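Shown next: coords33.cif, containing mmCIF, C-alpha atoms.
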data_target
#
loop_
_atom_site.label_atom_id
_atom_site.label_comp_id
_atom_site.auth_asym_id
_atom_site.auth_seq_id
_atom_site.Cartn_x
_atom_site.Cartn_y
_atom_site.Cartn_z
CA MET A 71 8.43 17.75 -20.28
CA LEU A 72 11.95 16.43 -20.73
CA THR A 73 13.32 16.02 -24.23
CA ASN A 74 16.64 15.07 -25.79
CA ILE A 75 17.97 13.32 -22.73
CA SER A 76 20.69 10.83 -23.49
CA PHE A 77 23.34 9.37 -21.23
CA SER A 78 24.96 6.11 -20.29
CA LEU A 79 26.33 4.85 -17.03
CA SER A 80 28.80 2.05 -16.47
CA ALA A 81 29.42 -0.05 -13.39
CA GLY A 82 30.98 2.12 -10.71
CA GLY A 83 29.56 5.29 -12.23
CA ILE A 84 27.85 8.14 -10.44
CA LEU A 85 25.64 10.59 -12.30
CA VAL A 86 24.46 13.74 -10.57
CA LEU A 87 21.43 15.51 -12.00
CA ARG A 88 21.47 19.25 -11.66
CA GLY A 89 18.93 21.83 -12.62
CA ALA A 90 16.65 24.51 -11.33
CA ASN A 91 13.50 23.68 -9.37
CA GLY A 92 11.00 22.17 -11.76
CA ALA A 93 13.65 21.29 -14.33
CA GLY A 94 12.55 17.66 -14.28
CA LYS A 95 15.14 15.94 -12.09
CA SER A 96 12.56 14.01 -10.07
CA THR A 97 10.58 13.19 -13.21
CA LEU A 98 13.69 11.77 -14.85
CA LEU A 99 14.50 9.67 -11.79
CA ARG A 100 10.94 8.35 -11.66
CA ALA A 101 11.09 7.53 -15.36
CA LEU A 102 14.37 5.66 -14.84
CA ALA A 103 12.72 3.68 -12.05
CA GLY A 104 9.74 2.87 -14.25
CA LEU A 105 7.35 4.75 -11.98
CA THR A 106 6.56 7.30 -14.69
CA PRO A 107 6.20 5.89 -18.19
CA LEU A 108 8.35 7.31 -20.97
CA ALA A 109 6.34 9.10 -23.66
CA ALA A 110 9.13 8.31 -26.11
CA GLY A 111 12.60 6.84 -26.07
CA VAL A 112 14.07 3.80 -24.44
CA LEU A 113 15.96 2.91 -21.30
CA LYS A 114 18.45 0.12 -21.86
CA TRP A 115 20.13 -2.15 -19.34
CA ASP A 116 22.90 -4.31 -20.80
CA GLY A 117 21.56 -3.46 -24.26
CA GLU A 118 18.00 -4.60 -23.58
CA ASP A 119 14.84 -2.58 -23.00
CA ALA A 120 14.81 -2.26 -19.21
CA LEU A 121 11.21 -1.09 -18.92
CA HIS A 122 9.78 -3.99 -20.87
CA ASP A 123 9.60 -6.06 -17.68
CA LEU A 124 9.05 -3.63 -14.81
CA PRO A 125 9.11 -6.14 -11.91
CA SER A 126 12.53 -7.40 -13.13
CA HIS A 127 13.76 -3.84 -13.59
CA ALA A 128 12.59 -2.98 -10.07
CA LYS A 129 14.83 -5.71 -8.66
CA ARG A 130 17.88 -3.74 -9.83
CA ILE A 131 16.80 -0.47 -8.26
CA ALA A 132 17.11 0.94 -4.78
CA TRP A 133 14.83 3.97 -4.61
CA LEU A 134 15.02 7.00 -2.37
CA GLY A 135 12.35 9.53 -3.26
CA HIS A 136 11.92 12.96 -1.79
CA LEU A 137 9.68 11.31 0.84
CA ASP A 138 11.36 9.01 3.33
CA ALA A 139 8.79 6.17 3.26
CA VAL A 140 9.33 5.69 6.98
CA LYS A 141 6.46 4.25 9.01
CA PRO A 142 6.02 6.09 12.33
CA ALA A 143 4.79 2.99 14.17
CA LEU A 144 7.79 0.81 13.27
CA THR A 145 11.18 1.05 14.93
CA ALA A 146 14.32 1.84 12.98
CA ALA A 147 15.39 -1.81 13.29
CA GLU A 148 12.07 -2.91 11.81
CA HIS A 149 12.74 -0.83 8.72
CA VAL A 150 16.22 -2.16 7.96
CA PRO A 151 18.53 -4.88 9.29
CA LEU A 152 20.31 -3.81 12.46
CA ALA A 153 23.71 -3.94 10.77
CA ALA A 154 22.57 -1.36 8.23
CA LEU A 155 21.99 1.25 10.92
CA ALA A 156 25.65 1.57 11.92
CA PRO A 157 26.91 3.20 8.69
CA VAL A 158 24.31 5.97 9.07
CA GLY A 159 24.91 6.39 12.80
CA LEU A 160 21.51 5.18 13.95
CA THR A 161 22.46 2.12 15.98
CA ALA A 162 21.59 3.90 19.22
CA TYR A 163 18.09 4.55 17.88
CA ALA A 164 17.45 1.02 16.64
CA ASN A 165 14.54 0.32 18.97
CA LEU A 166 13.02 3.75 18.86
CA PRO A 167 9.72 4.17 16.99
CA ALA A 168 10.39 6.13 13.83
CA ARG A 169 7.87 8.78 14.86
CA LEU A 170 10.38 9.91 17.50
CA LEU A 171 13.20 10.38 14.99
CA SER A 172 14.06 13.82 13.65
CA ALA A 173 13.65 14.64 9.97
CA GLY A 174 17.38 14.18 9.40
CA GLN A 175 17.39 10.84 11.22
CA LYS A 176 14.46 9.62 9.13
CA ARG A 177 16.41 10.58 6.03
CA ARG A 178 19.38 8.60 7.31
CA LEU A 179 17.08 5.64 7.93
CA ALA A 180 15.86 5.89 4.34
CA ILE A 181 19.47 6.00 3.15
CA ALA A 182 20.24 2.92 5.27
CA ARG A 183 17.41 1.08 3.51
CA VAL A 184 18.94 1.92 0.13
CA ALA A 185 22.40 0.86 1.26
CA ALA A 186 21.09 -2.40 2.71
CA SER A 187 19.18 -3.30 -0.43
CA GLY A 188 22.17 -4.81 -2.22
CA LYS A 189 20.79 -3.55 -5.52
CA PRO A 190 23.17 -2.31 -8.20
CA LEU A 191 21.50 0.96 -9.14
CA TRP A 192 20.65 3.61 -6.58
CA LEU A 193 18.19 6.27 -7.70
CA LEU A 194 18.27 9.09 -5.18
CA ASP A 195 16.05 12.14 -5.23
CA GLU A 196 17.57 14.91 -3.11
CA PRO A 197 19.12 12.36 -0.75
CA THR A 198 20.94 14.93 1.37
CA THR A 199 17.87 16.91 2.44
CA GLY A 200 18.03 17.48 6.19
CA LEU A 201 21.45 15.88 6.68
CA ASP A 202 24.01 17.53 8.93
CA ALA A 203 27.73 17.67 8.09
CA ALA A 204 28.56 14.38 9.82
CA SER A 205 25.69 12.61 8.09
CA LEU A 206 26.79 14.02 4.73
CA THR A 207 30.23 12.52 5.29
CA ARG A 208 28.66 9.15 6.16
CA PHE A 209 26.43 9.35 3.09
CA SER A 210 29.41 10.11 0.85
CA ALA A 211 31.26 7.14 2.33
CA LEU A 212 28.30 4.84 1.59
CA CYS A 213 28.12 6.11 -1.99
CA GLU A 214 31.86 5.65 -2.45
CA SER A 215 31.68 2.13 -1.05
CA HIS A 216 28.79 1.30 -3.40
CA ARG A 217 30.66 2.77 -6.37
CA GLN A 218 33.83 0.84 -5.57
CA GLY A 219 31.78 -2.33 -5.39
CA GLY A 220 30.65 -1.79 -8.97
CA GLY A 221 27.33 -0.19 -8.13
CA MET A 222 25.85 2.80 -9.91
CA ILE A 223 24.21 5.91 -8.52
CA ILE A 224 22.01 8.49 -10.18
CA ALA A 225 21.14 11.30 -7.81
CA SER A 226 19.60 14.71 -7.95
CA THR A 227 21.27 16.96 -5.44
CA HIS A 228 22.44 20.51 -5.04
CA THR A 229 24.87 19.51 -2.30
CA PRO A 230 28.52 19.11 -3.35
CA LEU A 231 29.55 15.54 -2.50
CA GLU A 232 33.09 14.39 -1.86
CA LEU A 233 32.98 11.58 -4.38
CA THR A 234 35.21 10.45 -7.22
CA GLY A 235 34.13 9.59 -10.73
CA VAL A 236 31.07 11.80 -10.73
CA SER A 237 29.45 12.85 -14.01
CA VAL A 238 27.00 15.70 -14.11
CA LEU A 239 23.88 15.94 -16.25
CA SER A 240 22.39 19.42 -16.35
CA LEU A 241 18.71 19.69 -17.11
CA MET B 70 4.14 -10.89 -0.92
CA LYS B 71 4.38 -12.78 2.37
CA THR B 72 6.87 -10.20 3.68
CA LEU B 73 4.56 -7.37 2.66
CA ILE B 74 1.53 -8.98 4.30
CA LEU B 75 3.41 -9.67 7.54
CA ARG B 76 4.73 -6.10 7.66
CA GLU B 77 1.28 -4.65 7.03
CA LEU B 78 -0.23 -6.89 9.68
CA LYS B 79 2.37 -5.66 12.14
CA LEU B 80 1.46 -2.08 11.26
CA SER B 81 -2.23 -2.87 11.66
CA LEU B 82 -1.64 -4.36 15.09
CA ARG B 83 0.30 -1.29 16.18
CA HIS B 84 -2.42 0.91 14.66
CA GLY B 85 -5.36 -1.11 15.93
CA ALA B 86 -7.63 1.92 15.67
CA ASP B 87 -8.87 1.08 12.17
CA THR B 88 -10.01 -2.43 13.07
CA THR B 89 -11.46 -1.29 16.39
CA ALA B 90 -13.36 1.56 14.72
CA SER B 91 -14.86 -0.82 12.16
CA LEU B 92 -15.94 -3.30 14.80
CA LEU B 93 -17.44 -0.62 17.04
CA PHE B 94 -19.27 0.90 14.09
CA PHE B 95 -20.60 -2.54 13.16
CA ILE B 96 -21.88 -3.21 16.66
CA ILE B 97 -23.31 0.29 17.25
CA ALA B 98 -25.00 0.51 13.84
CA GLY B 99 -26.53 -2.93 14.33
CA THR B 100 -27.70 -2.01 17.80
CA LEU B 101 -29.53 1.07 16.53
CA PHE B 102 -32.07 -0.93 14.55
CA PRO B 103 -33.96 -2.41 17.54
CA PHE B 104 -34.25 1.10 18.93
CA ALA B 105 -35.79 2.36 15.71
CA LEU B 106 -37.92 -0.67 14.82
CA GLY B 107 -38.79 -1.89 18.28
CA PRO B 108 -37.62 -5.04 20.02
CA GLY B 109 -40.31 -7.30 18.52
CA PRO B 110 -38.59 -10.62 17.81
CA THR B 111 -40.63 -11.36 14.69
CA THR B 112 -39.82 -8.05 13.00
CA LEU B 113 -36.15 -8.17 13.91
CA ALA B 114 -35.69 -11.81 12.98
CA ALA B 115 -37.15 -11.16 9.54
CA ILE B 116 -34.62 -8.43 8.72
CA ALA B 117 -31.66 -9.45 10.89
CA ALA B 118 -29.68 -10.87 7.98
CA GLY B 119 -30.14 -7.67 5.98
CA ILE B 120 -29.12 -5.54 8.94
CA VAL B 121 -25.97 -7.55 9.57
CA TRP B 122 -25.06 -7.48 5.88
CA VAL B 123 -25.59 -3.71 5.49
CA CYS B 124 -23.73 -2.91 8.71
CA ALA B 125 -20.84 -5.16 7.66
CA LEU B 126 -20.65 -3.44 4.27
CA LEU B 127 -20.56 0.02 5.81
CA ALA B 128 -18.14 -0.95 8.58
CA ALA B 129 -15.69 -2.50 6.13
CA LEU B 130 -15.58 0.74 4.15
CA LEU B 131 -14.20 2.74 7.07
CA PRO B 132 -10.51 1.77 6.88
CA LEU B 133 -10.34 1.78 3.09
CA ASP B 134 -9.21 5.38 2.68
CA ARG B 135 -6.07 4.61 4.71
CA LEU B 136 -5.36 1.36 2.88
CA PHE B 137 -3.22 3.10 0.27
CA GLY B 138 -3.57 6.69 1.51
CA ALA B 139 -0.84 6.47 4.15
CA ASP B 140 1.55 4.75 1.75
CA PHE B 141 0.81 7.35 -0.90
CA GLU B 142 1.49 10.23 1.47
CA ASP B 143 4.73 8.95 2.99
CA GLY B 144 6.32 7.62 -0.21
CA THR B 145 5.92 3.93 0.64
CA LEU B 146 3.75 3.35 -2.42
CA ASP B 147 6.76 3.98 -4.66
CA LEU B 148 8.74 1.39 -2.71
CA LEU B 149 5.89 -1.10 -2.96
CA LEU B 150 5.72 -0.64 -6.72
CA LEU B 151 9.50 -1.10 -6.88
CA SER B 152 9.49 -4.13 -4.59
CA GLY B 153 9.66 -6.54 -7.50
CA LEU B 154 6.03 -7.52 -7.07
CA PRO B 155 3.82 -6.60 -10.00
CA ALA B 156 1.37 -3.82 -9.19
CA TYR B 157 -1.53 -6.27 -9.14
CA GLY B 158 0.42 -8.35 -6.63
CA VAL B 159 0.77 -5.32 -4.35
CA ALA B 160 -2.97 -4.67 -4.71
CA PHE B 161 -3.80 -8.30 -3.98
CA ALA B 162 -1.62 -8.25 -0.86
CA LYS B 163 -3.49 -5.16 0.33
CA MET B 164 -6.81 -6.91 -0.32
CA ILE B 165 -5.70 -9.83 1.84
CA ILE B 166 -4.61 -7.41 4.57
CA HIS B 167 -7.95 -5.60 4.46
CA TRP B 168 -9.83 -8.86 4.79
CA LEU B 169 -7.62 -10.13 7.62
CA THR B 170 -7.84 -6.88 9.59
CA THR B 171 -11.45 -5.94 8.83
CA GLY B 172 -13.46 -8.65 7.05
CA LEU B 173 -12.40 -11.51 9.32
CA PRO B 174 -13.01 -9.62 12.61
CA LEU B 175 -16.43 -8.55 11.30
CA LEU B 176 -17.18 -12.16 10.42
CA LEU B 177 -16.23 -13.26 13.92
CA ILE B 178 -18.43 -10.69 15.60
CA ALA B 179 -21.40 -11.09 13.24
CA ALA B 180 -22.82 -14.11 15.08
CA PRO B 181 -23.41 -12.37 18.44
CA LEU B 182 -24.93 -9.38 16.63
CA ALA B 183 -27.25 -11.64 14.64
CA ILE B 184 -28.38 -13.43 17.81
CA MET B 185 -28.97 -10.07 19.49
CA LEU B 186 -31.18 -9.19 16.51
CA ARG B 187 -33.24 -12.32 17.24
CA MET B 188 -32.03 -14.30 14.25
CA PRO B 189 -32.90 -18.02 14.81
CA ALA B 190 -29.75 -19.77 15.99
CA ALA B 191 -30.09 -22.37 13.24
CA ARG B 192 -29.70 -19.60 10.61
CA VAL B 193 -26.53 -18.08 12.06
CA PRO B 194 -24.08 -20.55 10.44
CA LEU B 195 -25.71 -19.80 7.09
CA LEU B 196 -25.31 -16.07 7.70
CA LEU B 197 -21.61 -16.59 8.39
CA LEU B 198 -21.34 -18.75 5.30
CA THR B 199 -22.69 -15.88 3.18
CA LEU B 200 -20.55 -13.29 4.93
CA LEU B 201 -17.37 -15.29 4.25
CA PRO B 202 -17.43 -14.67 0.47
CA GLY B 203 -19.27 -11.39 1.06
CA THR B 204 -16.52 -9.81 3.14
CA MET B 205 -13.89 -11.14 0.73
CA LEU B 206 -15.77 -9.59 -2.16
CA LEU B 207 -15.99 -6.33 -0.27
CA SER B 208 -12.23 -6.35 0.36
CA LEU B 209 -11.61 -6.94 -3.35
CA LEU B 210 -14.01 -4.25 -4.57
CA GLY B 211 -13.18 -1.85 -1.77
CA THR B 212 -9.46 -2.10 -2.47
CA LEU B 213 -10.18 -1.50 -6.13
CA ALA B 214 -12.13 1.64 -5.24
CA ALA B 215 -9.40 2.75 -2.83
CA ALA B 216 -6.82 2.44 -5.58
CA ILE B 217 -8.99 4.25 -8.14
CA THR B 218 -9.63 7.18 -5.81
CA LEU B 219 -6.04 7.36 -4.55
CA GLY B 220 -4.85 10.95 -4.68
CA ALA B 221 -8.33 12.31 -5.33
CA ARG B 222 -9.30 15.21 -3.10
CA ARG B 223 -12.62 13.68 -2.04
CA ALA B 224 -11.47 10.06 -1.92
CA ALA B 225 -13.36 9.24 1.27
CA VAL B 226 -16.60 10.38 -0.37
CA LEU B 227 -15.94 8.77 -3.73
CA MET B 228 -15.01 5.38 -2.34
CA PRO B 229 -18.44 4.38 -1.01
CA LEU B 230 -20.03 5.79 -4.16
CA ILE B 231 -17.96 3.33 -6.19
CA THR B 232 -17.99 0.36 -3.83
CA LEU B 233 -21.57 0.24 -2.58
CA PRO B 234 -23.33 0.01 -5.98
CA LEU B 235 -20.94 -2.79 -6.94
CA MET B 236 -21.84 -4.63 -3.75
CA ILE B 237 -25.61 -4.48 -4.30
CA PRO B 238 -25.81 -7.88 -6.07
CA ALA B 239 -23.80 -9.50 -3.29
CA LEU B 240 -26.05 -7.87 -0.71
CA ILE B 241 -29.18 -9.17 -2.44
CA PHE B 242 -27.91 -12.74 -2.74
CA GLY B 243 -26.23 -12.73 0.67
CA ALA B 244 -29.28 -11.58 2.59
CA ALA B 245 -31.60 -13.75 0.47
CA ALA B 246 -29.55 -16.88 1.10
CA VAL B 247 -30.07 -16.58 4.86
CA THR B 248 -33.86 -16.24 4.66
CA SER B 249 -34.47 -18.52 1.68
CA PRO B 250 -35.52 -22.15 2.22
CA HIS B 251 -33.19 -23.02 -0.68
CA PRO B 252 -30.00 -21.03 -0.08
CA ALA B 253 -27.72 -23.00 -2.38
CA ALA B 254 -28.43 -20.93 -5.51
CA ALA B 255 -27.72 -17.63 -3.77
CA LEU B 256 -24.53 -19.06 -2.28
CA TYR B 257 -23.40 -20.21 -5.72
CA MET B 258 -24.02 -16.70 -7.05
CA LEU B 259 -21.91 -15.22 -4.26
CA ALA B 260 -19.16 -17.70 -5.02
CA ALA B 261 -19.36 -16.87 -8.72
CA MET B 262 -19.06 -13.14 -8.00
CA LEU B 263 -16.05 -13.82 -5.80
CA CYS B 264 -14.45 -15.94 -8.53
CA ALA B 265 -14.95 -13.13 -11.04
CA ALA B 266 -13.62 -10.42 -8.73
CA LEU B 267 -10.61 -12.44 -7.57
CA PRO B 268 -8.55 -11.96 -10.73
CA LEU B 269 -10.20 -8.77 -12.05
CA ALA B 270 -10.12 -6.54 -8.96
CA PRO B 271 -6.35 -6.87 -8.33
CA LEU B 272 -5.64 -6.21 -12.02
CA GLY B 273 -7.78 -3.06 -11.97
CA ALA B 274 -6.38 -1.91 -8.64
CA GLY B 275 -2.83 -2.51 -9.83
CA ALA B 276 -3.38 -0.38 -12.92
CA ALA B 277 -4.92 2.34 -10.75
CA LEU B 278 -1.96 2.24 -8.36
CA LYS B 279 0.49 2.69 -11.21
CA ALA B 280 -1.55 5.60 -12.53
CA ALA B 281 -1.61 7.21 -9.07
CA ALA B 282 2.16 6.83 -8.72
CA GLU B 283 2.83 8.58 -12.02
#
Rewrite the structure from the file as structure tokens, please.
Amino acid sequence: MLTNISFSLSAGGILVLRGANGAGKSTLLRALAGLTPLAAGVLKWDGEDALHDLPSHAKRIAWLGHLDAVKPALTAAEHVPLAALAPVGLTAYANLPARLLSAGQKRRLAIARVAASGKPLWLLDEPTTGLDAASLTRFSALCESHRQGGGMIIASTHTPLELTGVSVLSL
Amino acid sequence: MKTLILRELKLSLRHGADTTASLLFFIIAGTLFPFALGPGPTTLAAIAAGIVWVCALLAALLPLDRLFGADFEDGTLDLLLLSGLPAYGVAFAKMIIHWLTTGLPLLLIAAPLAIMLRMPAARVPLLLLTLLPGTMLLSLLGTLAAAITLGARRAAVLMPLITLPLMIPALIFGAAAVTSPHPAAALYMLAAMLCAALPLAPLGAGAALKAAAE
């Protein structure tokens, strides 16, 4: 159970959740997404209760859970627009069924889906799992681009990211 | 919702095994009855409607455990619930997909099976007329059961235990309508059950999906 959690995030802000395994990072992210109901407390967006209208709240959120949500039978290009594959280095694999992608490539495809969503708040649960050094650099660039565009990111990760304006919430 | 349905249909076409398995089960199960009861046209004709109905019910149950199961296991369910559609909308879309990929093919193949079972040709359109709401009802109730049992260890066992008792009234009225000289009343009952399930089943399934995602 998570108690006494309080934070705020402004446009262009990045919040990294840190904590030991089982500390509640994923639970907090799911609660922020509205997937897990809050037992107490309130989540506000522009001063209003964000969880009051979950479908509207969902339209603000791009979600990357610890599972990739990649369908083996669909190609990479059927998961996201073709243009979204370039920033994660998957253009060459656009027409390949996702079942043939490696774990790291599937993660990059999931990241591409988040980046292509155009939604202001990215909620990322261990987004860097399985990424190699080059992919980490690409991921950092995507996050930085989103931040500079006024987007917000809340991520749980143990990987140091080369990003500016990062706040840390320890659980 | 349209995007979701089209995407799921594409997945179903690529993974045609579920639909094919249902259809094969339907045909094989229906074919077993003449072997057990004998090929006498009078006997078979009298129970053909019941056989087709029961086989359709059982065949439509087969793909239900994968309806949400795959999405639950690969994380897609979270994305569906965060798609901006209300949870009942997601459930309703899945019900439509189940009917399009299972109920409709069963409906199309029911006529040849009924004729093989010596049902009088004049009764076949009536059989299809009962199966139309019947398969829709099964998709609604089956999807509800699939959502309720999502994440349960014995979901494949629990699902028929929930769905089949709920389908008994539809089975009674559906089979009776085909053999009755006055089928209108039974058809109205089927339509009434469908009208009741249409709003209630997606609401229940949506609530169950949210609970499973927690």
Excluding Ala98 (chain B) and any residue of its chain fewer than 6 positions from it, enumerate the residues within 9 Å of it, using all atoms listed in the file, and give them as a ChimeraX atom specification. /B:120,124,128
Could you list the residues chosen by the PyMOL selection byres ((chain B and resi 130-135) around 7) in this structure as a PyMOL selection string? chain B and resi 87+91+126-129+136-139+211-212+215+224-225+229
Give me, as a ChimeraX atom specification, the contact residues of chain A against chain B at a cut-off of 6 Å, counting all atoms listed in the file. /A:105-106,125,128-129,137,139
On this file, the PyMOL selection byres ((chain A and resi 224) around 8) gives some set of residues; write that set as a PyMOL selection string. chain A and resi 84-87+99+191-194+222-223+225-226
Answer key for the PyMOL selection byres ((chain B and resi 239-249) around 12), residues as number ranges by chain: B: 114-127, 183, 188-207, 210, 232-238, 250-263, 266
Around all of region 179-195 of chain B's listed atoms, make the axis-aligned box with 3 Å on each side and tell me centre and edge lengths in Å to one decimal, as AutoDock Vina command-line options.
--center_x -27.3 --center_y -15.8 --center_z 13.3 --size_x 17.8 --size_y 19.2 --size_z 18.4
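Shortest separation to Ser240 (chain A) among A:His136, A:His149, A:Ala101, A:Thr227 occurs at residue A:Thr227, atoms counted being all atoms listed in the file.
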Given the choices A:His216, A:Lys114, A:Lys141, A:Lys189, which gets closest to Leu166 (chain A) if the distance is worked out from all atoms listed in the file? A:Lys141
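Reported to one decimal place, the separation of CA of Gly275 (chain B) from CA of Ala147 (chain A) is 29.4 Å.
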Atom pair CA of Ala120 (chain A) / CA of Ala185 (chain A): separation (Å): 22.1 Å
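The smallest atom-to-atom distance between Ala182 (chain A) and any of A:Leu212, A:Leu233, A:Leu239, A:Ala109, using only C-alpha atoms, is found for A:Leu212.
For the atom pair formed by CA of Leu213 (chain B) and CA of Val226 (chain B), the distance is 14.7 Å, given to one decimal.
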List the neighbours of Leu101 (chain B) out to 12 Å using only C-alpha atoms; skip same-chain residues closer than 3 positions along the sequence, and give me the result as a PDB file with C-alpha atoms, keeping the file's coordinate frame.
ATOM      1  CA  PHE B  94     -19.270   0.900  14.090  1.00  0.00           C
ATOM      2  CA  PHE B  95     -20.600  -2.540  13.160  1.00  0.00           C
ATOM      3  CA  ILE B  96     -21.880  -3.210  16.660  1.00  0.00           C
ATOM      4  CA  ILE B  97     -23.310   0.290  17.250  1.00  0.00           C
ATOM      5  CA  ALA B  98     -25.000   0.510  13.840  1.00  0.00           C
ATOM      6  CA  PHE B 104     -34.250   1.100  18.930  1.00  0.00           C
ATOM      7  CA  ALA B 105     -35.790   2.360  15.710  1.00  0.00           C
ATOM      8  CA  LEU B 106     -37.920  -0.670  14.820  1.00  0.00           C
ATOM      9  CA  GLY B 107     -38.790  -1.890  18.280  1.00  0.00           C
ATOM     10  CA  PRO B 108     -37.620  -5.040  20.020  1.00  0.00           C
ATOM     11  CA  LEU B 113     -36.150  -8.170  13.910  1.00  0.00           C
ATOM     12  CA  ILE B 120     -29.120  -5.540   8.940  1.00  0.00           C
ATOM     13  CA  VAL B 121     -25.970  -7.550   9.570  1.00  0.00           C
ATOM     14  CA  CYS B 124     -23.730  -2.910   8.710  1.00  0.00           C
ATOM     15  CA  LEU B 182     -24.930  -9.380  16.630  1.00  0.00           C
ATOM     16  CA  MET B 185     -28.970 -10.070  19.490  1.00  0.00           C
ATOM     17  CA  LEU B 186     -31.180  -9.190  16.510  1.00  0.00           C
TER      18      LEU B 186
END
Can you tell me which residues surround Ala162 (chain A) at a distance of at most 12 Å, considering all atoms listed in the file, apart from same-chain residues fewer than 2 positions away, and format the answer as a compact mmCIF listing (two decimals) with C-alpha atoms, keeping the file's coordinate frame?
# COMPACT_ATOMS: atom_id res chain seq x y z
CA THR A 145 11.18 1.05 14.93
CA ALA A 146 14.32 1.84 12.98
CA ALA A 147 15.39 -1.81 13.29
CA LEU A 152 20.31 -3.81 12.46
CA ALA A 153 23.71 -3.94 10.77
CA LEU A 155 21.99 1.25 10.92
CA ALA A 156 25.65 1.57 11.92
CA PRO A 157 26.91 3.20 8.69
CA VAL A 158 24.31 5.97 9.07
CA GLY A 159 24.91 6.39 12.80
CA LEU A 160 21.51 5.18 13.95
CA ALA A 164 17.45 1.02 16.64
CA ASN A 165 14.54 0.32 18.97
CA LEU A 166 13.02 3.75 18.86
CA LEU A 171 13.20 10.38 14.99
CA GLN A 175 17.39 10.84 11.22
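Between Ser126 (chain A) and the candidates A:Gly235, A:Gly104, A:Pro167, A:Pro151, the tightest atom-to-atom separation, counting only C-alpha atoms, involves A:Gly104.
Near (20.4, 5.5, -21.9), the residues inside the 10 Å limit, counting all atoms listed in the file, come to Ile75, Ser76, Phe77, Ser78, Leu79, Leu102, Gly111, Val112, Leu113, Lys114, Trp115, Gly117, Asp119 and Ala120 of chain A.
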Tyr157 (chain B) surroundings by all atoms listed in the file, 9 Å radius, close-in-sequence under 2 positions cut, as a PyMOL selection string: chain B and resi 154-155+159-162+270-276+278
Fill-in result for region 155-167 of chain B, N, CA and C atoms as a PDB file, keeping the file's coordinate frame:
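So selection.pdb came out as:
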ATOM      1  N   PRO B 155       4.613  -7.391  -9.058  1.00  0.00           N
ATOM      2  CA  PRO B 155       3.820  -6.600 -10.000  1.00  0.00           C
ATOM      3  C   PRO B 155       2.767  -5.785  -9.247  1.00  0.00           C
ATOM      4  N   ALA B 156       2.310  -4.712  -9.869  1.00  0.00           N
ATOM      5  CA  ALA B 156       1.370  -3.820  -9.190  1.00  0.00           C
ATOM      6  C   ALA B 156       0.115  -4.564  -8.734  1.00  0.00           C
ATOM      7  N   TYR B 157      -0.343  -5.526  -9.550  1.00  0.00           N
ATOM      8  CA  TYR B 157      -1.530  -6.270  -9.140  1.00  0.00           C
ATOM      9  C   TYR B 157      -1.237  -7.152  -7.926  1.00  0.00           C
ATOM     10  N   GLY B 158       0.015  -7.573  -7.797  1.00  0.00           N
ATOM     11  CA  GLY B 158       0.420  -8.350  -6.630  1.00  0.00           C
ATOM     12  C   GLY B 158       0.373  -7.502  -5.360  1.00  0.00           C
ATOM     13  N   VAL B 159       0.834  -6.250  -5.485  1.00  0.00           N
ATOM     14  CA  VAL B 159       0.770  -5.320  -4.350  1.00  0.00           C
ATOM     15  C   VAL B 159      -0.688  -5.107  -3.956  1.00  0.00           C
ATOM     16  N   ALA B 160      -1.541  -4.893  -4.982  1.00  0.00           N
ATOM     17  CA  ALA B 160      -2.970  -4.670  -4.710  1.00  0.00           C
ATOM     18  C   ALA B 160      -3.595  -5.899  -4.059  1.00  0.00           C
ATOM     19  N   PHE B 161      -3.233  -7.073  -4.536  1.00  0.00           N
ATOM     20  CA  PHE B 161      -3.800  -8.300  -3.980  1.00  0.00           C
ATOM     21  C   PHE B 161      -3.370  -8.484  -2.524  1.00  0.00           C
ATOM     22  N   ALA B 162      -2.097  -8.162  -2.250  1.00  0.00           N
ATOM     23  CA  ALA B 162      -1.620  -8.250  -0.860  1.00  0.00           C
ATOM     24  C   ALA B 162      -2.423  -7.317   0.043  1.00  0.00           C
ATOM     25  N   LYS B 163      -2.711  -6.123  -0.463  1.00  0.00           N
ATOM     26  CA  LYS B 163      -3.490  -5.160   0.330  1.00  0.00           C
ATOM     27  C   LYS B 163      -4.919  -5.669   0.544  1.00  0.00           C
ATOM     28  N   MET B 164      -5.470  -6.338  -0.466  1.00  0.00           N
ATOM     29  CA  MET B 164      -6.810  -6.910  -0.320  1.00  0.00           C
ATOM     30  C   MET B 164      -6.827  -7.972   0.783  1.00  0.00           C
ATOM     31  N   ILE B 165      -5.796  -8.804   0.794  1.00  0.00           N
ATOM     32  CA  ILE B 165      -5.700  -9.830   1.840  1.00  0.00           C
ATOM     33  C   ILE B 165      -5.601  -9.165   3.217  1.00  0.00           C
ATOM     34  N   ILE B 166      -4.787  -8.109   3.284  1.00  0.00           N
ATOM     35  CA  ILE B 166      -4.610  -7.410   4.570  1.00  0.00           C
ATOM     36  C   ILE B 166      -5.942  -6.804   5.021  1.00  0.00           C
ATOM     37  N   HIS B 167      -6.661  -6.198   4.084  1.00  0.00           N
ATOM     38  CA  HIS B 167      -7.950  -5.600   4.460  1.00  0.00           C
ATOM     39  C   HIS B 167      -8.904  -6.661   4.985  1.00  0.00           C
TER      40      HIS B 167
END
